[in-house]
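K.L.:
Sharing a structure with you now.
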Amino acid sequence: MSEELFAQMRQSVIDGDAAASAALAERALANGVPPLDAIDKGFVPGLTYVGEQFAIGELFLPDMMLSARAMQRAVAILEPVMKAEATERHVLGRVVLGTVKGDIHEIGKNLVGMMLATSGFEVHDLGVNVDPDRFVAAAQEHGADIVGVSALLTTTMAGQRTVVEKFDAAGLRPKCRVIVGGAPASATWAAEIGADGYSEDAIGAVALVRQLVGA
Ligand code: B1M
């Protein structure tokens, strides 16, 4: 049953059919499918496929945009349920999150933020195309324990290094840690730029942040 539903979810994102993905998200909730499973096993594989087809010139930017919209419609339905199911009620730490300057990819970053929020962290999401100085200012304003910097493009990931450098220049580390993620990032990249951690996915990001704040 779930497998069939996951296959339909994947297809709705590939088709860029937001009405279908929204209906499937509702059906998943009605059938007791865990929202995170719906995202990870259903909708995300659709986007992964679309990205692969885009890379080989079989799909184009408008296709990718429609697919992203379909994914976001589904997440908007699943997110409140995940938040309502969250068990942690006290604040484990404060996180400032954003996507680097020049980069407007937000779906993965939003999932990271949502998982952190549902795990008990106070999350301040600065959005996309975030100037390095804004990360610094927001960390100071909110007394952040962690700053999470997402990048999806090989051309923008250098912005993660800039953020690390800005935090060092402002004397904010090691009190505030800078972690990085996103498709082109890796543990090797994180070590190279002197970041305090890297996670490949949203669940790993929660584990990493928990470990860094000792929660
Ligand atoms: Co773009 N795009 N895109 N895109 N896009 C990629 C990234 C690409 C790999 C597609 C491809 O060619 N195969 C390619 C990058 C190539 C490269 O740099 N090597 C690409 C390109 C080229 C572009 C444009 C340049 C296209 C153009 O204009 N010609 C353009 C750039 C715009 C810009 O940013 N300046 C562009 C635009 C877009 C859309 C706007 C259409 C749309 C984004 C919509 C939106 O976010 N609102 C889009 C999409 C949807 C994609 C793909 C298909 C899917 C990305 C996604 O949301 N994945 C993507 C292909 C792909 O990645 N397979 C692609 C699902 C999401 C759940 O995964 O974001 O990886 P992800 O997040 C994961 C982990 O990475 C991790 O956890 C998340 C959840 O598990 N993670 C973190 C992410 N951030 C983290 C932070 C952390 C920790 C973990 O700590 C801080």
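Each chain in the structure tokens gets a letter, A, B and so on, in the order shown; residues start at 1 in every chain, and ligands are counted from 1 in the order they appear.
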Sort by chain and increasing residue number a table of all residues of region 79-138 of chain A within 8 Å of region 31-35 of chain A, each with its closest pair of atoms and their distance in Å to one decimal, counting only C-alpha atoms, and write it as a tab-separated table.
P.N.:
```
residue	atom	partner	partner_atom	distance
A:Glu79	CA	A:Pro35	CA	7.7
A:Val81	CA	A:Pro35	CA	7.5
A:Met82	CA	A:Pro35	CA	6.6
```
K.L.:
Residues as selected, C-alpha atoms, written as a PDB file, in the first residue's frame, can you do that?
P.N.:
```
ATOM      1  CA  GLU A  79       4.778  20.032   7.997  1.00  0.00           C
ATOM      2  CA  VAL A  81       1.453  17.436  11.361  1.00  0.00           C
ATOM      3  CA  MET A  82       5.157  16.870  11.988  1.00  0.00           C
TER       4      MET A  82
END
```
K.L.:
Name the residues, by chain letter and number, that sit within 6 Å of ligand 1 using only C-alpha atoms and all ligand atoms, and give them as number ranges by chain.
P.N.:
A: 44, 47-48, 50-52, 54-55, 61, 64-65, 68, 102-109, 111-112, 148-150, 152-155, 179-183, 199-202, 205
K.L.:
Looking only at strand (DSSP E or B) from DSSP on the backbone, list the matching residues of region 174-207 of chain A as a PyMOL selection string.
P.N.:
chain A and resi 177-181+197-199
K.L.:
Can you tell me, as a ChimeraX atom specification, which residues in region 107-149 of chain A count as helix (DSSP H, G or I) by DSSP?
P.N.:
/A:107-118,132-142
K.L.:
For Asp196 (chain A), please output as a list in words all residues within 8 Å (counting only C-alpha atoms; exclusion window: fewer than 2 positions along the same chain).
P.N.:
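Here the answer would be Arg177, Val178, Ile179, Ala190, Ala191, Gly194 and Tyr198 of chain A.
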K.L.:
Just to be explicit: take each residue in the selection above, keep all heavy atoms, and write the result as a PDB file, in the first residue's frame.
P.N.:
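Final output, saved to again.pdb:
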```pdb
ATOM      1  N   ARG A 177      28.826  27.501  16.476  1.00  0.00           N
ATOM      2  CA  ARG A 177      29.429  26.590  15.478  1.00  0.00           C
ATOM      3  C   ARG A 177      28.773  26.791  14.119  1.00  0.00           C
ATOM      4  O   ARG A 177      27.570  27.038  14.044  1.00  0.00           O
ATOM      5  CB  ARG A 177      29.243  25.128  15.883  1.00  0.00           C
ATOM      6  CG  ARG A 177      29.534  24.832  17.334  1.00  0.00           C
ATOM      7  CD  ARG A 177      31.014  24.942  17.623  1.00  0.00           C
ATOM      8  NE  ARG A 177      31.268  24.612  19.014  1.00  0.00           N
ATOM      9  CZ  ARG A 177      31.533  23.377  19.454  1.00  0.00           C
ATOM     10  NH1 ARG A 177      31.599  22.379  18.607  1.00  0.00           N
ATOM     11  NH2 ARG A 177      31.727  23.155  20.732  1.00  0.00           N
ATOM     12  N   VAL A 178      29.562  26.621  13.078  1.00  0.00           N
ATOM     13  CA  VAL A 178      29.034  26.746  11.715  1.00  0.00           C
ATOM     14  C   VAL A 178      29.026  25.361  11.061  1.00  0.00           C
ATOM     15  O   VAL A 178      30.069  24.704  10.971  1.00  0.00           O
ATOM     16  CB  VAL A 178      29.889  27.711  10.869  1.00  0.00           C
ATOM     17  CG1 VAL A 178      29.320  27.824   9.455  1.00  0.00           C
ATOM     18  CG2 VAL A 178      29.950  29.093  11.517  1.00  0.00           C
ATOM     19  N   ILE A 179      27.836  24.936  10.635  1.00  0.00           N
ATOM     20  CA  ILE A 179      27.753  23.650   9.938  1.00  0.00           C
ATOM     21  C   ILE A 179      27.266  23.872   8.506  1.00  0.00           C
ATOM     22  O   ILE A 179      26.580  24.854   8.218  1.00  0.00           O
ATOM     23  CB  ILE A 179      26.835  22.639  10.672  1.00  0.00           C
ATOM     24  CG1 ILE A 179      25.374  23.112  10.673  1.00  0.00           C
ATOM     25  CG2 ILE A 179      27.331  22.392  12.082  1.00  0.00           C
ATOM     26  CD1 ILE A 179      24.395  22.018  11.066  1.00  0.00           C
ATOM     27  N   ALA A 190      33.765  20.332   4.260  1.00  0.00           N
ATOM     28  CA  ALA A 190      33.582  20.989   5.559  1.00  0.00           C
ATOM     29  C   ALA A 190      34.927  21.122   6.277  1.00  0.00           C
ATOM     30  O   ALA A 190      35.238  22.175   6.848  1.00  0.00           O
ATOM     31  CB  ALA A 190      32.587  20.201   6.407  1.00  0.00           C
ATOM     32  N   ALA A 191      35.734  20.049   6.220  1.00  0.00           N
ATOM     33  CA  ALA A 191      37.045  20.090   6.882  1.00  0.00           C
ATOM     34  C   ALA A 191      37.943  21.112   6.191  1.00  0.00           C
ATOM     35  O   ALA A 191      38.654  21.882   6.845  1.00  0.00           O
ATOM     36  CB  ALA A 191      37.678  18.697   6.849  1.00  0.00           C
ATOM     37  N   GLY A 194      37.120  24.543   7.220  1.00  0.00           N
ATOM     38  CA  GLY A 194      37.168  24.764   8.670  1.00  0.00           C
ATOM     39  C   GLY A 194      35.805  24.862   9.323  1.00  0.00           C
ATOM     40  O   GLY A 194      35.668  25.434  10.413  1.00  0.00           O
ATOM     41  N   TYR A 198      29.330  18.707   9.095  1.00  0.00           N
ATOM     42  CA  TYR A 198      28.625  18.527   7.823  1.00  0.00           C
ATOM     43  C   TYR A 198      27.618  17.409   8.007  1.00  0.00           C
ATOM     44  O   TYR A 198      27.875  16.428   8.702  1.00  0.00           O
ATOM     45  CB  TYR A 198      29.615  18.133   6.722  1.00  0.00           C
ATOM     46  CG  TYR A 198      28.950  17.418   5.563  1.00  0.00           C
ATOM     47  CD1 TYR A 198      28.225  18.128   4.600  1.00  0.00           C
ATOM     48  CD2 TYR A 198      29.003  16.018   5.446  1.00  0.00           C
ATOM     49  CE1 TYR A 198      27.587  17.477   3.562  1.00  0.00           C
ATOM     50  CE2 TYR A 198      28.363  15.359   4.388  1.00  0.00           C
ATOM     51  CZ  TYR A 198      27.665  16.086   3.462  1.00  0.00           C
ATOM     52  OH  TYR A 198      27.019  15.449   2.434  1.00  0.00           O
TER      53      TYR A 198
END
```
